[in-house]
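Presented below is the structure to which this report refers.
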Amino acid sequence: MGLRRRRWILLPVALGLLLVATTASVSSGWPQQAAPVPFKAQDEDRERYQRPSDVLKALELSRGDWVADVGAGNGYYAQHMADLVGPTGKVFAEDIADYAIDFLHQRVKMFDLRNVEVAKGTDDDPKLPANSLAAVLVMNTYHHFSRYEPMLEQILKALKPGGRLVIGDYSLPDHRSQSRADQLKIHEIDPERVRAELGRAGYQIVRCEDPFLKRMSELKMGDRIAEADMWLMVAVKPE
């Protein structure tokens with residue numbers, strides 16, 4: 001299942017630059033900051049530096065599914081998830097930052113995403129419907145989970161039995177001996193630490209690709225990949 005492309009609406013350059021640059025959000029406890037550098041809505045280079053087609057494939061979405069993007073940021077993944085679940089499905093695009101919520105509403109309006117609902121969560125609860133979701137994506141956001149235990153508990157409650165949690169984040173091996181707090185300060189998180197946290201919360205780990213992408217220090221823009229390797233983990237709620 002490749003990344004499905006929408007027919008992009010032709011917009012003036014000023015509107016095309018409205019959306020925020022990165023899917024990294026301040027969901028779950030990170031202080032709200034000024035919006036990052038804007039980007040063109042198509043975000044054509046993302047396949048190179050984040051492999052979104054493979055990220056979406058890991059969610060195993062079907063038509064009609066209800067799903068969520070926790071820490072949705074600019075809504076890039078939420079928009080493509082909306083394509084995959086179709087008009088009978090539903091996507092909850094969640095964040096806690098006011099500027100991210102504003103940009104999510106703009107994206108929904110610009111691209112007429114009728115099956116996307118913008119949800120404002122808190123640092124310990126993404127405010128998702130219980131026992132309703134086939135999958136949840138947490139992209140470049142888990143390292144912001146300062147209150148990860150209640151967040152994981154609430155996500156688990158929102159998933160249906162067998163529902164998938166897909167986490168993509170960043171870490172350099174040399175940094176993995178640091179404390180959790182110190183890793184969060186540099187916007188990284190050790191995947192083995194996350195594996196242990198998920199296990200304690202009641203999830204079953206399906207697989208972890210580490211690295212999912214090697215660091216690309218030559219990139220000037222491209223999320224966190226210029227600073228650290230990217231890893232991808234898939235877990236499920238037990239049946």
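Ligands are numbered from 1 in the order shown, chains are lettered A, B, ... in the order of the structure tokens, and residues start at 1 in each chain.
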
Write out as a Markdown table the residues of region 45-143 of chain A that have any atom within 6 Å of an atom of region 167-177 of chain A, one row each with the nearest atom pair and its distance in Å to one decimal, counting only C-alpha atoms, sorted by chain and then rising number.
```
| residue | atom | partner | partner_atom | distance |
| --- | --- | --- | --- | --- |
| A:Val138 | CA | A:Ile167 | CA | 4.8 |
| A:Met139 | CA | A:Gly168 | CA | 4.7 |
| A:Asn140 | CA | A:Asp169 | CA | 4.7 |
```

If you keep N, CA and C atoms, can you produce a file of those selected residues as a PDB file, in the first residue's frame?
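Dumped to selection19.pdb:
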```pdb
ATOM      1  N   VAL A 138       1.733   7.950  16.486  1.00  0.00           N
ATOM      2  CA  VAL A 138       2.437   8.947  17.305  1.00  0.00           C
ATOM      3  C   VAL A 138       3.779   9.195  16.623  1.00  0.00           C
ATOM      4  N   MET A 139       3.827  10.216  15.769  1.00  0.00           N
ATOM      5  CA  MET A 139       5.017  10.468  14.957  1.00  0.00           C
ATOM      6  C   MET A 139       5.804  11.662  15.479  1.00  0.00           C
ATOM      7  N   ASN A 140       7.060  11.419  15.831  1.00  0.00           N
ATOM      8  CA  ASN A 140       7.965  12.473  16.304  1.00  0.00           C
ATOM      9  C   ASN A 140       7.339  13.233  17.472  1.00  0.00           C
TER      10      ASN A 140
END
```

Pull the closest atom pair for each residue of region 136-170 of chain A that gets at most 12 Å from region 93-115 of chain A, along with the distance in Å to one decimal, counting only C-alpha atoms, ordering rows by chain and then ascending residue number, as JSON lines.
```
{"residue": "A:Val136", "atom": "CA", "partner": "A:Ala93", "partner_atom": "CA", "distance": 10.2}
{"residue": "A:Leu137", "atom": "CA", "partner": "A:Ala93", "partner_atom": "CA", "distance": 9.9}
{"residue": "A:Val138", "atom": "CA", "partner": "A:Glu94", "partner_atom": "CA", "distance": 10.0}
{"residue": "A:Met139", "atom": "CA", "partner": "A:Glu94", "partner_atom": "CA", "distance": 11.7}
{"residue": "A:Thr141", "atom": "CA", "partner": "A:Asp95", "partner_atom": "CA", "distance": 9.9}
{"residue": "A:His144", "atom": "CA", "partner": "A:Ile96", "partner_atom": "CA", "distance": 11.4}
{"residue": "A:Phe145", "atom": "CA", "partner": "A:Ile96", "partner_atom": "CA", "distance": 11.8}
{"residue": "A:Ile155", "atom": "CA", "partner": "A:Glu94", "partner_atom": "CA", "distance": 11.8}
```

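The list of residues with at least one atom within 8 Å of Leu152 (chain A), based on only C-alpha atoms and without residues fewer than 4 positions apart in the same chain, reads Tyr148, Leu156, Leu198 and Ala201 of chain A.
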
For Arg164 (chain A): contacts at 10 Å, only C-alpha atoms, fewer than 3 positions along chain excluded, given as a PyMOL selection string: chain A and resi 58-61+67+133-137+156+159-161+167+203-206+234-238

Write the residues of the preceding selection, restricted to C-alpha atoms, as a compact mmCIF listing (two decimals), in the first residue's frame.
```txt
# COMPACT_ATOMS: atom_id res chain seq x y z
CA ALA A 58 2.50 -0.05 9.39
CA LEU A 59 -0.91 1.20 10.56
CA GLU A 60 -2.67 -1.42 8.37
CA LEU A 61 -5.64 0.87 7.77
CA VAL A 67 -8.03 6.16 13.66
CA LEU A 133 -9.92 3.07 17.12
CA ALA A 134 -8.28 0.60 14.78
CA ALA A 135 -4.95 2.42 14.95
CA VAL A 136 -3.13 5.35 16.54
CA LEU A 137 -0.07 7.09 15.11
CA LEU A 156 -4.86 1.84 25.13
CA LEU A 159 -7.94 1.28 20.84
CA LYS A 160 -10.18 -1.64 19.99
CA PRO A 161 -8.82 -5.11 20.89
CA ILE A 167 5.37 5.17 17.11
CA TYR A 203 0.72 -3.38 24.98
CA GLN A 204 2.21 -6.24 22.99
CA ILE A 205 5.19 -5.27 20.81
CA VAL A 206 4.90 -6.52 17.24
CA VAL A 234 4.48 -1.23 16.19
CA ALA A 235 2.48 -2.46 19.19
CA VAL A 236 -1.05 -3.81 19.62
CA LYS A 237 -3.75 -3.87 22.26
CA PRO A 238 -4.18 -7.54 23.25
```

DSSP helix (DSSP H, G or I) selection over region 139-230 of chain A, as a count of residues only: 34

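As for CA of Cys208 (chain A) and CA of Met233 (chain A), they are spaced 4.2 Å apart.
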
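Note that CA of Glu218 (chain A) and CA of Val70 (chain A) are 28.8 Å apart.
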
Backbone-only DSSP, strand (DSSP E or B) members of region 125-163 of chain A, as a list of chain:residue names: A:Asp125, A:Leu133, A:Ala134, A:Ala135, A:Val136, A:Leu137, A:Val138, A:Met139, A:Leu159, A:Lys160, A:Pro161, A:Gly162, A:Gly163

Write out, as a PDB file, in the first residue's frame, the residues just selected, with C-alpha atoms.
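Listed below is the output, again.pdb:
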```
ATOM      1  CA  ASP A 125      -5.085  12.545  27.865  1.00  0.00           C
ATOM      2  CA  LEU A 133      -9.916   3.065  17.123  1.00  0.00           C
ATOM      3  CA  ALA A 134      -8.278   0.595  14.780  1.00  0.00           C
ATOM      4  CA  ALA A 135      -4.947   2.417  14.946  1.00  0.00           C
ATOM      5  CA  VAL A 136      -3.128   5.350  16.537  1.00  0.00           C
ATOM      6  CA  LEU A 137      -0.065   7.091  15.109  1.00  0.00           C
ATOM      7  CA  VAL A 138       2.437   8.947  17.305  1.00  0.00           C
ATOM      8  CA  MET A 139       5.017  10.468  14.957  1.00  0.00           C
ATOM      9  CA  LEU A 159      -7.937   1.275  20.837  1.00  0.00           C
ATOM     10  CA  LYS A 160     -10.179  -1.643  19.991  1.00  0.00           C
ATOM     11  CA  PRO A 161      -8.824  -5.107  20.886  1.00  0.00           C
ATOM     12  CA  GLY A 162      -6.142  -5.848  18.311  1.00  0.00           C
ATOM     13  CA  GLY A 163      -5.776  -2.142  17.488  1.00  0.00           C
TER      14      GLY A 163
END
```
